[in-house]
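Undergrad: After the structure tokens below, expect a handful of questions from me.
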Amino acid sequence: MQPTVFGFGRLGDMVMLSAVLRSLHQRFGRRCLVVGAGSWNAGLYQGHTDVDRVLSFSRHLPFMLSVAWWQLVVALHRNGPGPIYVFERSPRQLVRIRRMLFLSGIDAARCLFIGDMADPIEGESHWVDRYLQLAQLTPPAIDAIDYPLSAARSAPRLCVSDPERVARDSWLRAHNALGRKLVLLQPGNFRTMS
């Protein structure tokens, strides 16, 4: 049974979302269908061992005008009665995702939404922990006994292809940094910097 994972977040959100993919893949026995907003999602998950396919939507174009919309409708019906996990927190994007699911004729009992979980106590957990908590739940339409929870603890992870490693090493060599210890910082993101 193939799990479908919705997340319309920005790059950092989608990297964090990668933490649940291994858990869902192991639990349901098939790699995930990932549905995101932004054409860069396909590149982000390219070669990821827990991702079967990525469907991406524009953040601004009406989704029904997209080729990905029709691919999603077919995939959701082909994956039926597979679980659908929605890791989106933005109210505007949630409306969009709920509309997609409704217009696709998807049984709501196949779906779980991160927003339906109880709010954590301030400082209690990171969003990755919240994502993993949702992945441990089973949609009502699926018998949890048939899909036992995985004991493996996942962390966000991405796959780097051999051509990307070659390009990285070339860039590091050109900047006299190959073989040196590097510290990478992300000082902010779109929401905090806007």
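In the structure tokens, chains take letters A, B, ... by order of appearance, with residues numbered from 1 within each chain and ligands from 1 in the order shown.
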Excluding Leu137 in chain A and residues on its chain fewer than 3 positions from it, collect all residues at most 12 Å away from it, counting only C-alpha atoms, and give them as a PyMOL selection string.

TA: chain A and resi 20+23-24+27+83-86+110-114+116-117+130-134+140-145+147-150

Undergrad: Might you pull out every residue within 8 Å of range 91-104 of chain A, with only C-alpha atoms counted and same-chain residues fewer than 4 positions away left off, and present them as a ChimeraX atom specification?

TA: /A:6,8,73,76

Undergrad: Could you build a table of the residues in range 39-106 of chain A lying no more than 10 Å from range 152-166 of chain A, giving for each the nearest pair of atoms and their separation in Å rounded to one decimal place, using only C-alpha atoms, ordered by chain and ascending residue number, as a Markdown table?

TA:
| residue | atom | partner | partner_atom | distance |
| --- | --- | --- | --- | --- |
| A:Leu44 | CA | A:Leu158 | CA | 7.4 |
| A:Tyr45 | CA | A:Leu158 | CA | 6.9 |
| A:Gln46 | CA | A:Cys159 | CA | 7.4 |
| A:Gly47 | CA | A:Cys159 | CA | 6.1 |
| A:His48 | CA | A:Cys159 | CA | 5.4 |
| A:Thr49 | CA | A:Cys159 | CA | 8.0 |

Undergrad: Extract the full set of strand (DSSP E) residues from chain A according to DSSP on the backbone, and format it as a list in words.

TA: Thr4, Val5, Phe6, Cys32, Leu33, Val34, Val35, Gly36, Ala37, Val51, Asp52, Arg53, Val54, Leu55, Ser56, Phe57, Ile84, Tyr85, Val86, Cys111, Leu112 and Phe113 of chain A

Undergrad: DSSP on the backbone: which residues in range 1-193 of chain A end up as alpha helix (DSSP H)? Give the answer as a PyMOL selection string.

TA: chain A and resi 11-28+40-44+67-78+91-103+127-135+162-174+190-193

Undergrad: Determine, counting only C-alpha atoms, which protein, DNA and RNA residues have an atom within 10 Å of an atom of His60 in chain A; residues of the same chain fewer than 2 positions away are not included. Present the result as a ChimeraX atom specification.

TA: /A:37-38,57-58,62-63

Undergrad: Can you tell me, as an MDAnalysis selection string, what residues are no more than 10 Å from Val54 in chain A when counting only C-alpha atoms, ignoring any on the same chain fewer than 3 positions away?

TA: chainID A and resid 4:5 32:36 39 41:46 51 68 72

Undergrad: CA of Asp13 in chain A to CA of Ala109 in chain A: how many Å, to one decimal?

TA: 25.4 Å

Undergrad: Using only C-alpha atoms, pick whichever of A:Leu65, A:Ala135, A:Phe87, A:Arg53 has the shortest atom-to-atom distance to Arg22 in chain A.

TA: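 Ranked by minimum distance to Arg22 in chain A, first place goes to A:Ala135.
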
Undergrad: Rounded to one decimal in Å, what is the spacing between CA of Met64 in chain A and CA of Arg10 in chain A?

TA: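 Taking CA of Met64 in chain A and CA of Arg10 in chain A, their separation equals 21.2 Å.
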
Undergrad: Do you have the CA of Gly9 in chain A-CA of Arg89 in chain A distance handy?

TA: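 A separation of 8.3 Å between them.
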
Undergrad: Using only C-alpha atoms, pick whichever of A:Arg168, A:Val183, A:Asp50, A:Leu61 has the shortest atom-to-atom distance to Leu17 in chain A.

TA: A:Asp50

Undergrad: Which neighbours of Gln2 in chain A fall inside 7 Å, counting only C-alpha atoms, when residues of the same chain fewer than 6 positions from it are skipped, and could you give them as a PyMOL selection string?

TA: chain A and resi 28+30-32+79+82
